[in-house]
file data-v8.cif (mmCIF, C-alpha atoms)
data_my_file
#
loop_
_atom_site.label_atom_id
_atom_site.label_comp_id
_atom_site.auth_asym_id
_atom_site.auth_seq_id
_atom_site.Cartn_x
_atom_site.Cartn_y
_atom_site.Cartn_z
CA MET A 488 139.95 116.80 152.35
CA LEU A 489 140.63 114.36 155.14
CA LYS A 490 141.86 111.01 153.92
CA LYS A 491 139.22 108.43 154.83
CA SER A 492 140.94 105.27 153.62
CA LYS A 493 142.76 104.97 156.96
CA GLU A 494 141.15 102.94 159.73
CA ILE A 495 140.20 105.15 162.65
CA SER A 496 138.68 103.29 165.59
CA LYS A 497 138.49 106.09 168.15
CA ILE A 498 138.33 109.88 168.25
CA LYS A 499 138.23 111.96 171.42
CA LEU A 500 136.60 115.41 171.35
CA THR A 501 137.44 118.14 173.86
CA LEU A 502 134.08 119.91 173.76
CA THR A 503 135.15 122.68 176.11
CA THR A 504 138.09 123.67 178.29
CA ASN A 505 135.67 125.10 180.86
CA CYS A 506 134.80 123.17 184.01
CA ASN A 507 132.59 123.45 187.09
CA ALA A 508 135.21 121.76 189.30
CA ASN A 509 138.66 122.67 190.60
CA CYS A 510 140.59 119.39 190.47
CA SER A 511 144.06 120.17 191.76
CA TYR A 512 145.82 117.76 189.38
CA CYS A 513 144.02 118.82 186.19
CA PHE A 514 146.28 119.74 183.26
CA VAL A 515 143.55 121.36 181.12
CA GLU A 516 144.05 125.09 180.76
CA LYS A 517 140.72 126.70 181.72
CA THR A 518 140.52 129.00 178.70
CA LYS A 519 136.76 128.41 178.34
CA GLU A 520 137.07 127.50 174.66
CA ARG A 521 134.02 125.81 173.13
CA MET A 522 133.84 123.45 170.19
CA SER A 523 131.56 124.48 167.35
CA PRO A 524 128.99 122.10 165.82
CA GLU A 525 130.98 122.31 162.56
CA VAL A 526 134.17 120.99 164.17
CA ALA A 527 132.23 118.30 166.01
CA ARG A 528 130.42 117.10 162.88
CA LYS A 529 133.59 117.00 160.79
CA SER A 530 135.17 114.89 163.55
CA VAL A 531 132.23 112.48 163.46
CA ASP A 532 132.52 112.26 159.67
CA LEU A 533 136.22 111.44 159.88
CA LEU A 534 135.55 108.65 162.38
CA ILE A 535 132.49 107.14 160.72
CA GLU A 536 133.61 107.42 157.10
CA SER A 537 137.05 105.93 157.71
CA THR A 538 137.49 102.22 157.11
CA GLY A 539 136.65 99.75 159.86
CA LYS A 540 133.27 98.90 161.37
CA GLU A 541 133.84 99.29 165.13
CA LYS A 542 134.01 102.92 166.30
CA LEU A 543 134.28 104.81 169.61
CA LEU A 544 133.50 108.52 169.96
CA SER A 545 134.63 109.91 173.33
CA LEU A 546 133.27 113.26 174.52
CA TYR A 547 135.50 115.04 177.03
CA GLY A 548 136.25 118.47 178.50
CA GLY A 549 136.77 120.29 180.79
CA GLU A 550 133.28 119.25 181.78
CA PRO A 551 131.29 118.18 178.71
CA PHE A 552 127.91 118.51 180.46
CA LEU A 553 128.46 122.29 180.38
CA GLU A 554 127.90 121.96 176.62
CA PHE A 555 124.97 119.57 176.69
CA SER A 556 123.17 121.19 173.75
CA LEU A 557 126.30 120.46 171.69
CA ILE A 558 126.29 116.88 172.98
CA GLU A 559 122.69 116.51 171.78
CA ASN A 560 123.68 117.91 168.39
CA ILE A 561 126.67 115.58 168.06
CA VAL A 562 124.89 112.45 169.25
CA ILE A 563 121.86 112.81 166.98
CA TYR A 564 124.12 113.50 164.00
CA ALA A 565 126.48 110.63 164.86
CA ARG A 566 123.64 108.12 165.21
CA GLU A 567 122.34 109.16 161.77
CA ARG A 568 125.80 108.73 160.23
CA GLU A 569 126.31 105.41 162.01
CA LYS A 570 123.10 104.08 160.44
CA LYS A 571 123.88 105.45 156.97
CA PHE A 572 127.38 103.95 156.84
CA LYS A 573 126.40 100.74 158.70
CA LYS A 574 128.97 101.11 161.46
CA ASN A 575 128.87 100.03 165.13
CA LEU A 576 129.36 103.24 167.10
CA ILE A 577 129.90 103.54 170.83
CA ILE A 578 129.46 107.07 172.18
CA SER A 579 130.91 107.77 175.59
CA ILE A 580 130.90 110.86 177.81
CA CYS A 581 133.54 111.38 180.52
CA SER A 582 132.07 113.60 183.23
CA ASN A 583 132.46 114.59 186.86
CA LEU A 584 128.68 113.96 186.92
CA LEU A 585 127.91 116.96 189.13
CA LEU A 586 125.54 118.43 186.53
CA LEU A 587 123.44 115.34 185.88
CA ASP A 588 119.69 116.02 185.82
CA ASP A 589 116.55 114.29 184.58
CA HIS A 590 116.80 115.79 181.08
CA LYS A 591 120.38 114.61 180.60
CA LEU A 592 119.56 111.21 182.07
CA ALA A 593 116.63 110.71 179.67
CA PHE A 594 118.77 111.69 176.67
CA ILE A 595 121.62 109.39 177.73
CA LYS A 596 119.19 106.48 178.02
CA LYS A 597 117.36 107.22 174.75
CA TYR A 598 120.51 107.38 172.62
CA HIS A 599 122.33 104.50 174.34
CA LEU A 600 125.28 106.54 175.58
CA LYS A 601 127.96 105.29 177.92
CA VAL A 602 129.10 107.48 180.81
CA THR A 603 132.50 107.43 182.48
CA VAL A 604 132.83 109.06 185.90
CA SER A 605 136.07 110.24 187.52
CA ILE A 606 136.59 109.07 191.10
CA VAL A 607 139.71 109.36 193.27
CA GLY A 608 138.74 106.79 195.87
CA LYS A 609 137.06 107.28 199.22
CA GLY A 610 135.30 110.48 200.19
CA LEU A 611 138.03 112.46 201.95
CA ASP A 612 140.63 112.09 199.21
CA HIS A 613 138.07 112.52 196.44
CA ASN A 614 136.93 115.80 197.99
CA LYS A 615 140.52 116.88 198.55
CA PHE A 616 141.65 116.44 194.95
CA ARG A 617 138.36 116.90 193.08
CA GLY A 618 136.99 120.07 194.65
CA ALA A 619 133.82 121.47 193.14
CA LYS A 620 133.00 125.15 192.83
CA GLY A 621 130.44 126.12 195.45
CA LEU A 622 130.56 122.72 197.16
CA ILE A 623 132.39 121.65 200.30
CA GLY A 624 132.80 118.19 198.83
CA SER A 625 131.68 116.53 195.63
CA TYR A 626 131.92 112.85 196.57
CA ASP A 627 128.40 112.31 197.96
CA ARG A 628 126.80 114.15 195.05
CA VAL A 629 128.80 112.15 192.50
CA ILE A 630 127.92 108.81 194.09
CA GLY A 631 124.25 109.82 194.31
CA ASN A 632 124.18 110.72 190.63
CA MET A 633 125.97 107.49 189.73
CA ALA A 634 123.17 105.62 191.51
CA LYS A 635 120.68 107.44 189.27
CA LEU A 636 122.66 106.33 186.22
CA ALA A 637 122.83 102.75 187.47
CA ALA A 638 119.04 102.71 187.89
CA VAL A 639 118.49 103.20 184.14
CA LEU A 640 121.66 102.01 182.37
CA PRO A 641 123.23 98.56 182.06
CA ARG A 642 126.42 98.15 184.12
CA ALA A 643 128.40 97.84 180.89
CA ASP A 644 127.38 101.42 180.01
CA ILE A 645 128.86 102.96 183.16
CA GLY A 646 132.61 103.29 183.55
CA ILE A 647 134.80 104.60 186.32
CA SER A 648 137.96 106.55 185.67
CA PHE A 649 139.94 105.71 188.80
CA VAL A 650 142.31 108.59 189.46
CA VAL A 651 145.75 107.30 190.52
CA LEU A 652 148.10 109.79 192.17
CA PRO A 653 151.62 109.07 193.47
CA SER A 654 150.74 110.44 196.93
CA LEU A 655 147.96 107.83 197.17
CA SER A 656 150.02 104.90 195.85
CA SER A 657 149.74 103.02 199.16
CA LYS A 658 145.93 103.16 198.94
CA ILE A 659 145.46 101.97 195.36
CA GLU A 660 144.20 98.46 196.08
CA ASP A 661 141.97 99.58 198.96
CA TYR A 662 140.41 102.35 196.87
CA PHE A 663 139.97 100.10 193.83
CA PHE A 664 137.91 97.57 195.76
CA HIS A 665 136.07 100.33 197.63
CA ILE A 666 134.86 101.68 194.28
CA LEU A 667 133.72 98.20 193.26
CA SER A 668 131.92 97.76 196.59
CA LEU A 669 129.59 100.62 195.62
CA LYS A 670 128.13 98.21 193.02
CA LEU A 671 127.58 101.01 190.53
CA SER A 672 130.04 99.80 187.90
CA ASN A 673 132.49 96.95 187.37
CA ASN A 674 134.22 98.67 184.43
CA ILE A 675 137.32 100.60 185.54
CA ASN A 676 140.17 102.45 183.91
CA PHE A 677 143.22 103.66 185.82
CA GLU A 678 143.68 107.37 185.13
CA ILE A 679 147.38 107.68 185.98
CA ILE A 680 148.14 111.32 186.75
CA GLN A 681 151.44 112.20 185.13
CA GLU A 682 152.09 115.89 185.60
CA PHE A 683 151.04 116.81 189.12
CA ASP A 684 153.27 115.25 191.78
CA ARG A 685 156.43 113.42 190.76
CA TRP A 686 156.29 109.64 190.76
CA LYS A 687 159.18 108.56 193.00
CA ASP A 688 160.72 105.08 192.86
CA GLU A 689 158.84 104.05 195.98
CA ASP A 690 155.52 105.19 194.50
CA CYS A 691 156.21 103.25 191.30
CA LYS A 692 156.96 100.07 193.22
CA LYS A 693 153.78 100.45 195.27
CA PHE A 694 151.73 100.91 192.12
CA VAL A 695 153.16 97.81 190.43
CA SER A 696 152.68 95.71 193.56
CA ALA A 697 149.09 96.90 194.04
CA PHE A 698 148.18 96.44 190.39
CA GLN A 699 149.64 92.93 190.28
CA SER A 700 147.56 92.04 193.34
CA ILE A 701 144.44 93.53 191.75
CA LEU A 702 145.01 91.59 188.53
CA LEU A 703 145.45 88.34 190.43
CA LYS A 704 142.12 88.91 192.17
CA VAL A 705 140.44 89.84 188.89
CA VAL A 706 141.50 86.51 187.36
CA THR A 707 140.48 84.57 190.49
CA LYS A 708 137.05 86.22 190.51
CA ILE A 709 136.46 85.34 186.85
CA GLY A 710 136.79 81.70 187.85
CA GLU A 711 134.06 82.37 190.44
CA ASN A 712 131.78 83.96 187.82
CA ASP A 713 132.37 87.44 189.29
CA PHE A 714 133.53 89.82 186.56
CA ILE A 715 135.67 92.95 186.95
CA PHE A 716 136.67 94.72 183.74
CA ILE A 717 139.84 96.78 183.45
CA ASN A 718 139.87 99.01 180.41
CA PRO A 719 143.13 98.02 178.64
CA ILE A 720 142.35 94.33 179.15
CA SER A 721 138.94 94.79 177.53
CA TRP A 722 140.54 96.68 174.62
CA GLU A 723 143.04 93.88 174.11
CA LEU A 724 140.43 91.13 174.24
CA GLY A 725 138.10 93.08 171.96
CA ARG A 726 140.41 94.71 169.43
CA ARG A 727 144.03 93.70 170.14
CA LYS A 728 144.86 97.29 171.05
CA LEU A 729 147.71 96.47 173.46
CA THR A 730 149.29 94.06 170.99
CA GLU A 731 149.28 96.84 168.41
CA THR A 732 150.59 99.39 170.91
CA TYR A 733 153.65 97.32 171.75
CA GLY A 734 154.29 96.47 168.12
CA VAL A 735 154.50 98.82 165.17
CA SER A 736 151.17 100.65 165.19
CA CYS A 737 149.53 103.74 163.72
CA GLN A 738 148.63 106.44 166.23
CA VAL A 739 145.90 107.66 163.88
CA LYS A 740 143.82 104.55 164.59
CA TYR A 741 143.21 105.10 168.30
CA ASN A 742 144.73 108.36 169.51
CA ILE A 743 143.30 111.31 167.58
CA GLU A 744 142.16 114.07 169.91
CA VAL A 745 140.31 117.10 168.56
CA TYR A 746 140.36 120.41 170.43
CA PRO A 747 137.71 123.19 170.27
CA SER A 748 139.73 125.02 167.61
CA GLY A 749 139.76 121.90 165.45
CA ASP A 750 143.47 121.29 166.08
CA MET A 751 144.39 117.62 166.42
CA ALA A 752 147.08 115.79 168.39
CA PHE A 753 147.79 112.32 169.79
CA SER A 754 147.67 113.23 173.48
CA PRO A 755 145.77 115.62 175.76
CA PHE A 756 149.08 117.00 177.03
CA LEU A 757 150.58 117.99 173.75
CA LEU A 758 148.80 121.21 172.84
CA ASN A 759 149.26 122.90 176.22
CA GLY A 760 152.85 123.93 175.57
CA ASP A 761 154.47 126.85 173.85
CA ASP A 762 154.08 127.68 170.15
CA ALA A 763 157.00 125.47 169.14
CA GLU A 764 155.54 122.46 170.95
CA LYS A 765 152.10 123.06 169.50
CA LYS A 766 153.57 123.22 166.02
CA HIS A 767 155.55 120.00 166.53
CA PHE A 768 152.74 117.98 168.08
CA SER A 769 149.84 119.18 165.94
CA ILE A 770 148.85 116.53 163.40
CA GLY A 771 146.54 118.90 161.52
CA ASN A 772 143.16 120.56 161.86
CA ILE A 773 139.81 118.85 161.43
CA LYS A 774 138.74 121.61 159.02
CA THR A 775 141.70 121.25 156.66
CA GLY A 776 142.89 117.70 157.23
CA LEU A 777 145.74 115.68 158.64
CA ASN A 778 149.28 116.87 158.03
CA GLU A 779 150.86 115.33 154.96
CA ASN A 780 153.11 112.98 156.93
CA PHE A 781 150.03 111.37 158.54
CA SER A 782 147.53 111.52 155.69
CA ASN A 783 149.49 110.02 152.79
CA CYS A 784 150.65 106.74 154.29
CA ARG A 785 149.48 103.26 155.17
CA LEU A 786 150.57 101.16 158.12
CA ASP A 787 153.27 98.64 157.29
CA PRO A 788 154.46 96.80 160.43
CA ASN A 789 157.68 95.90 158.61
CA SER A 790 158.41 99.45 157.51
CA GLU A 791 161.27 101.36 159.13
CA LYS A 792 159.34 104.56 158.44
CA CYS A 793 156.36 103.34 160.46
CA GLU A 794 158.62 102.09 163.21
CA LYS A 795 160.22 105.51 163.60
CA CYS A 796 157.02 107.54 163.19
CA GLU A 797 155.80 107.15 166.78
CA SER A 798 159.20 107.67 168.40
CA ASN A 799 159.82 110.77 166.28
CA TYR A 800 156.46 112.20 167.31
CA TYR A 801 156.73 111.60 171.05
CA GLY A 802 160.52 111.87 171.25
CA ASN A 803 160.51 115.61 171.95
CA TYR A 804 158.06 115.25 174.82
CA SER A 805 159.87 114.27 178.01
CA ARG A 806 158.05 115.86 180.94
CA THR A 807 156.46 112.72 182.35
CA ASP A 808 159.26 111.85 184.82
CA ASP A 809 158.84 108.34 186.22
CA ALA A 810 155.13 108.34 185.40
CA SER A 811 156.10 106.82 182.06
CA PHE A 812 157.24 103.70 183.94
CA VAL A 813 153.86 103.49 185.70
CA VAL A 814 151.91 103.94 182.46
CA GLU A 815 154.03 101.31 180.70
CA SER A 816 153.68 98.88 183.62
CA TYR A 817 149.91 99.35 183.56
CA GLY A 818 149.81 98.47 179.87
CA LYS A 819 152.24 95.55 179.86
CA LEU A 820 150.81 93.88 182.97
CA SER A 821 147.32 94.24 181.47
CA LEU A 822 148.54 92.63 178.26
CA GLU A 823 149.98 89.65 180.16
CA VAL A 824 146.68 89.10 181.97
CA ALA A 825 144.61 89.52 178.81
CA LYS A 826 146.65 86.73 177.20
CA LYS A 827 146.14 84.56 180.27
CA ILE A 828 142.38 85.16 180.25
CA GLU A 829 142.19 84.33 176.57
CA LEU A 830 144.10 81.08 177.12
CA LEU A 831 141.84 80.09 180.01
CA SER A 832 138.75 80.90 177.92
CA LYS A 833 139.55 77.95 175.68
CA ARG A 834 138.70 75.50 178.45
CA ASN A 835 136.55 77.39 180.97
CA SER A 836 133.04 78.74 180.26
CA TYR A 837 133.30 81.59 182.79
CA PHE A 838 136.40 82.93 181.06
CA ARG A 839 134.70 82.58 177.66
CA GLU A 840 131.76 84.59 178.96
CA TYR A 841 134.14 87.19 180.37
CA VAL A 842 135.82 87.65 176.98
CA ARG A 843 132.40 88.03 175.33
CA TYR A 844 131.35 90.74 177.79
CA ALA A 845 134.73 92.48 177.69
CA LYS A 846 134.22 93.26 174.02
CA LYS A 847 131.08 95.25 174.93
CA ASN A 848 132.56 97.11 177.89
CA LEU A 849 134.53 99.76 175.99
CA CYS A 850 133.62 103.25 177.16
CA PHE A 851 136.98 105.00 177.46
#

call {"tool": "encode", "arguments": {"input": "data-v8.cif", "output": "structure tokens"}}
result
Amino acid sequence: MLKKSKEISKIKLTLTTNCNANCSYCFVEKTKERMSPEVARKSVDLLIESTGKEKLLSLYGGEPFLEFSLIENIVIYAREREKKFKKNLIISICSNLLLLDDHKLAFIKKYHLKVTVSIVGKGLDHNKFRGAKGLIGSYDRVIGNMAKLAAVLPRADIGISFVVLPSLSSKIEDYFFHILSLKLSNNINFEIIQEFDRWKDEDCKKFVSAFQSILLKVVTKIGENDFIFINPISWELGRRKLTETYGVSCQVKYNIEVYPSGDMAFSPFLLNGDDAEKKHFSIGNIKTGLNENFSNCRLDPNSEKCEKCESNYYGNYSRTDDASFVVESYGKLSLEVAKKIELLSKRNSYFREYVRYAKKNLCF
């Protein structure tokens, strides 16, 4: 049995490793595995029946829309369990959006799903890095389908996963505000690509400079009643996720990822390696439960065991090069700004309203 006394706030499901696109930077091995309804339902049970009221179920791939009948199965079941256990459940789908049609759109609207769409930036670079099978370029089709989403969903229910590559580091700020200018979503996460091209020192510096400039403009615009939401800032304002991340935290709370086989890990990278790596990084299987070292413990921020748990888990994984600096900068700079926004909210109504909305804008 899976231990349900732990608080689990988020679970990510890899519904399939198959995809209808050929993104050059993608790390997912296209083995065309498919998650069964049994694995999906057990994952929902683990999330919903664990302690804590606020829950996020993220549906990923490959391309999850290739398994839309499974999505329908999961969503209907999850909404029933949410009601039975009196939880607040956000369900989010991360898609390239190329397969959106009227049936999917109606289902998304009916069951109050959030949709996150991956975008590189402007058309030429998006088409270069996010090639679609049978299409010369996917950008126009993606933007057109996002407009269909925006016509029926609140802005808070549409997210953009902004793909950040080292080769495009000089374009980050330009592309960020280009995406916002489309007026399809103001809820953005930076998807920092870690295992494609190496992040050189110059690329890292450009990223930090661009992100600092973006954050300054985000804060300025709040004071003008113009809201831009950046995912880690929203998580911090809503659930103190960054504070926990940079303290002693439990990876089980936010980082469980379930693969089609039912295997679980704390990162999408960790089960792509050889057998030894898979054995080390597996935290269990959804069918049989969490490994003993993760199931029979409780978080104690003052415990040396808890302090070492995360470092022992990730310590054997060292293939991120300088991308780790970029990821850490993204988190720590976001934390600084979240604290600033919270401070300003005590004396400014626009900032108070921003904090209120940020708590609803979680879809990653």

call {"tool": "resolve_selection", "arguments": {"input": "data-v8.cif", "expression": "the PyMOL selection byres ((chain A and resi 678) around 10)", "output": "list in words"}}
result
Ser605, Ile606, Val607, Ile647, Ser648, Phe649, Val650, Val651, Leu652, Ile675, Asn676, Phe677, Ile679, Ile680, Gln681 and Val814 of chain A

call {"tool": "resolve_selection", "arguments": {"input": "data-v8.cif", "expression": "the PyMOL selection byres ((chain A and resi 700-706) around 8)", "output": "JSON, numbers by chain"}}
result
{"A": [660, 696, 697, 698, 699, 707, 708, 709, 710, 714, 715, 821, 824, 828]}

call {"tool": "closest_residue", "arguments": {"input": "data-v8.cif", "among": "A:Cys796, A:Met633, A:Ala763, A:Met522", "to": "Ser556 of chain A", "atoms": "only C-alpha atoms"}}
result
A:Met522

call {"tool": "resolve_selection", "arguments": {"input": "data-v8.cif", "expression": "the PyMOL selection byres ((chain A and resi 575) around 7)", "output": "MDAnalysis selection string"}}
result
chainID A and resid 540:542 569 573:574 576:577

call {"tool": "closest_residue", "arguments": {"input": "data-v8.cif", "among": "A:Asp809, A:Thr538, A:Leu600, A:Glu554", "to": "Phe683 of chain A", "atoms": "all atoms listed in the file"}}
result
A:Asp809

call {"tool": "atom_distance", "arguments": {"input": "data-v8.cif", "atom1": "atom CA of Gln738 of chain A", "atom2": "atom CA of Cys581 of chain A"}}
result
21.4 Å

call {"tool": "closest_residue", "arguments": {"input": "data-v8.cif", "among": "A:Arg617, A:Arg528, A:Ser754, A:Val842", "to": "Gly725 of chain A", "atoms": "only C-alpha atoms"}}
result
A:Val842

call {"tool": "closest_residue", "arguments": {"input": "data-v8.cif", "among": "A:Tyr817, A:Tyr547, A:Tyr598, A:Tyr837", "to": "Ile717 of chain A", "atoms": "only C-alpha atoms"}}
result
A:Tyr817

call {"tool": "closest_residue", "arguments": {"input": "data-v8.cif", "among": "A:Gly818, A:Gly631, A:Pro551, A:Pro641", "to": "Lys596 of chain A", "atoms": "only C-alpha atoms"}}
result
A:Pro641

call {"tool": "residues_near_point", "arguments": {"input": "data-v8.cif", "point": "(145.0, 101.1, 173.8)", "cutoff": "12 Å", "atoms": "all atoms listed in the file", "output": "PyMOL selection string"}}
result
chain A and resi 496-497+676+717-734+736-742+814-815+817-819+821-822+849+851

call {"tool": "residues_around", "arguments": {"input": "data-v8.cif", "residues": "Ile558 of chain A", "least_positions_apart": "4", "cutoff": "10 Å", "atoms": "all atoms listed in the file", "output": "list in words"}}
result
Leu502, Pro524, Ala527, Leu546, Pro551, Phe552, Leu553, Glu554, Val562, Ile563, Tyr564, Ile580, Lys591 and Phe594 of chain A

call {"tool": "closest_residue", "arguments": {"input": "data-v8.cif", "among": "A:Glu536, A:Asp612, A:Glu689, A:Asp589", "to": "Arg568 of chain A", "atoms": "all atoms listed in the file"}}
result
A:Glu536

call {"tool": "residues_around", "arguments": {"input": "data-v8.cif", "residues": "Leu786 of chain A", "least_positions_apart": "2", "cutoff": "9 Å", "atoms": "only C-alpha atoms", "output": "VMD selection string"}}
result
chain A and resid 493 735 to 737 784 788 to 790 793

call {"tool": "residues_around", "arguments": {"input": "data-v8.cif", "residues": "segment 509-513 of chain A", "least_positions_apart": "2", "cutoff": "12 Å", "atoms": "all atoms listed in the file", "output": "ChimeraX atom specification"}}
result
/A:504-507,515-517,548-550,583,605-607,612-625,650-654,678-685,755-756,759

call {"tool": "write_last_selection", "arguments": {"input": "data-v8.cif", "atoms": "C-alpha atoms", "output": "compact mmCIF listing (two decimals), in the coordinates of the input"}}
result
# COMPACT_ATOMS: atom_id res chain seq x y z
CA THR A 504 138.09 123.67 178.29
CA ASN A 505 135.67 125.10 180.86
CA CYS A 506 134.80 123.17 184.01
CA ASN A 507 132.59 123.45 187.09
CA VAL A 515 143.55 121.36 181.12
CA GLU A 516 144.05 125.09 180.76
CA LYS A 517 140.72 126.70 181.72
CA GLY A 548 136.25 118.47 178.50
CA GLY A 549 136.77 120.29 180.79
CA GLU A 550 133.28 119.25 181.78
CA ASN A 583 132.46 114.59 186.86
CA SER A 605 136.07 110.24 187.52
CA ILE A 606 136.59 109.07 191.10
CA VAL A 607 139.71 109.36 193.27
CA ASP A 612 140.63 112.09 199.21
CA HIS A 613 138.07 112.52 196.44
CA ASN A 614 136.93 115.80 197.99
CA LYS A 615 140.52 116.88 198.55
CA PHE A 616 141.65 116.44 194.95
CA ARG A 617 138.36 116.90 193.08
CA GLY A 618 136.99 120.07 194.65
CA ALA A 619 133.82 121.47 193.14
CA LYS A 620 133.00 125.15 192.83
CA GLY A 621 130.44 126.12 195.45
CA LEU A 622 130.56 122.72 197.16
CA ILE A 623 132.39 121.65 200.30
CA GLY A 624 132.80 118.19 198.83
CA SER A 625 131.68 116.53 195.63
CA VAL A 650 142.31 108.59 189.46
CA VAL A 651 145.75 107.30 190.52
CA LEU A 652 148.10 109.79 192.17
CA PRO A 653 151.62 109.07 193.47
CA SER A 654 150.74 110.44 196.93
CA GLU A 678 143.68 107.37 185.13
CA ILE A 679 147.38 107.68 185.98
CA ILE A 680 148.14 111.32 186.75
CA GLN A 681 151.44 112.20 185.13
CA GLU A 682 152.09 115.89 185.60
CA PHE A 683 151.04 116.81 189.12
CA ASP A 684 153.27 115.25 191.78
CA ARG A 685 156.43 113.42 190.76
CA PRO A 755 145.77 115.62 175.76
CA PHE A 756 149.08 117.00 177.03
CA ASN A 759 149.26 122.90 176.22

call {"tool": "atom_distance", "arguments": {"input": "data-v8.cif", "atom1": "atom CA of Ala752 of chain A", "atom2": "atom CA of Lys765 of chain A"}}
result
8.9 Å

call {"tool": "atom_distance", "arguments": {"input": "data-v8.cif", "atom1": "atom CA of Asn778 of chain A", "atom2": "atom CA of Arg521 of chain A"}}
result
23.3 Å

call {"tool": "build_atoms", "arguments": {"input": "data-v8.cif", "residues": "segment 509-514 of chain A", "atoms": "all heavy atoms", "output": "PDB file, keeping the file's coordinate frame"}}
result
ATOM      1  N   ASN A 509     137.291 122.169 190.446  1.00  0.00           N
ATOM      2  CA  ASN A 509     138.660 122.670 190.600  1.00  0.00           C
ATOM      3  C   ASN A 509     139.596 121.535 191.002  1.00  0.00           C
ATOM      4  O   ASN A 509     140.189 121.547 192.077  1.00  0.00           O
ATOM      5  CB  ASN A 509     138.711 123.761 191.693  1.00  0.00           C
ATOM      6  CG  ASN A 509     138.071 125.053 191.251  1.00  0.00           C
ATOM      7  OD1 ASN A 509     138.313 125.530 190.148  1.00  0.00           O
ATOM      8  ND2 ASN A 509     137.221 125.621 192.108  1.00  0.00           N
ATOM      9  N   CYS A 510     139.725 120.529 190.151  1.00  0.00           N
ATOM     10  CA  CYS A 510     140.590 119.390 190.470  1.00  0.00           C
ATOM     11  C   CYS A 510     142.039 119.859 190.482  1.00  0.00           C
ATOM     12  O   CYS A 510     142.526 120.416 189.490  1.00  0.00           O
ATOM     13  CB  CYS A 510     140.400 118.280 189.454  1.00  0.00           C
ATOM     14  SG  CYS A 510     138.698 117.691 189.352  1.00  0.00           S
ATOM     15  N   SER A 511     142.711 119.615 191.577  1.00  0.00           N
ATOM     16  CA  SER A 511     144.060 120.170 191.760  1.00  0.00           C
ATOM     17  C   SER A 511     145.072 119.611 190.770  1.00  0.00           C
ATOM     18  O   SER A 511     146.062 120.271 190.442  1.00  0.00           O
ATOM     19  CB  SER A 511     144.532 119.910 193.191  1.00  0.00           C
ATOM     20  OG  SER A 511     144.506 118.523 193.483  1.00  0.00           O
ATOM     21  N   TYR A 512     144.852 118.417 190.273  1.00  0.00           N
ATOM     22  CA  TYR A 512     145.820 117.760 189.380  1.00  0.00           C
ATOM     23  C   TYR A 512     145.528 117.990 187.909  1.00  0.00           C
ATOM     24  O   TYR A 512     146.265 117.524 187.049  1.00  0.00           O
ATOM     25  CB  TYR A 512     145.838 116.251 189.648  1.00  0.00           C
ATOM     26  CG  TYR A 512     144.497 115.592 189.476  1.00  0.00           C
ATOM     27  CD1 TYR A 512     144.025 115.244 188.215  1.00  0.00           C
ATOM     28  CD2 TYR A 512     143.675 115.348 190.568  1.00  0.00           C
ATOM     29  CE1 TYR A 512     142.793 114.674 188.042  1.00  0.00           C
ATOM     30  CE2 TYR A 512     142.428 114.773 190.412  1.00  0.00           C
ATOM     31  CZ  TYR A 512     142.002 114.432 189.149  1.00  0.00           C
ATOM     32  OH  TYR A 512     140.758 113.866 188.981  1.00  0.00           O
ATOM     33  N   CYS A 513     144.461 118.704 187.576  1.00  0.00           N
ATOM     34  CA  CYS A 513     144.020 118.820 186.190  1.00  0.00           C
ATOM     35  C   CYS A 513     145.015 119.607 185.350  1.00  0.00           C
ATOM     36  O   CYS A 513     145.495 120.667 185.758  1.00  0.00           O
ATOM     37  CB  CYS A 513     142.647 119.483 186.129  1.00  0.00           C
ATOM     38  SG  CYS A 513     141.983 119.570 184.454  1.00  0.00           S
ATOM     39  N   PHE A 514     145.318 119.096 184.158  1.00  0.00           N
ATOM     40  CA  PHE A 514     146.280 119.740 183.260  1.00  0.00           C
ATOM     41  C   PHE A 514     145.602 120.630 182.217  1.00  0.00           C
ATOM     42  O   PHE A 514     146.267 121.327 181.465  1.00  0.00           O
ATOM     43  CB  PHE A 514     147.115 118.681 182.526  1.00  0.00           C
ATOM     44  CG  PHE A 514     146.287 117.759 181.685  1.00  0.00           C
ATOM     45  CD1 PHE A 514     145.923 118.108 180.400  1.00  0.00           C
ATOM     46  CD2 PHE A 514     145.850 116.546 182.201  1.00  0.00           C
ATOM     47  CE1 PHE A 514     145.138 117.260 179.626  1.00  0.00           C
ATOM     48  CE2 PHE A 514     145.068 115.694 181.432  1.00  0.00           C
ATOM     49  CZ  PHE A 514     144.716 116.053 180.142  1.00  0.00           C
TER      50      PHE A 514
END
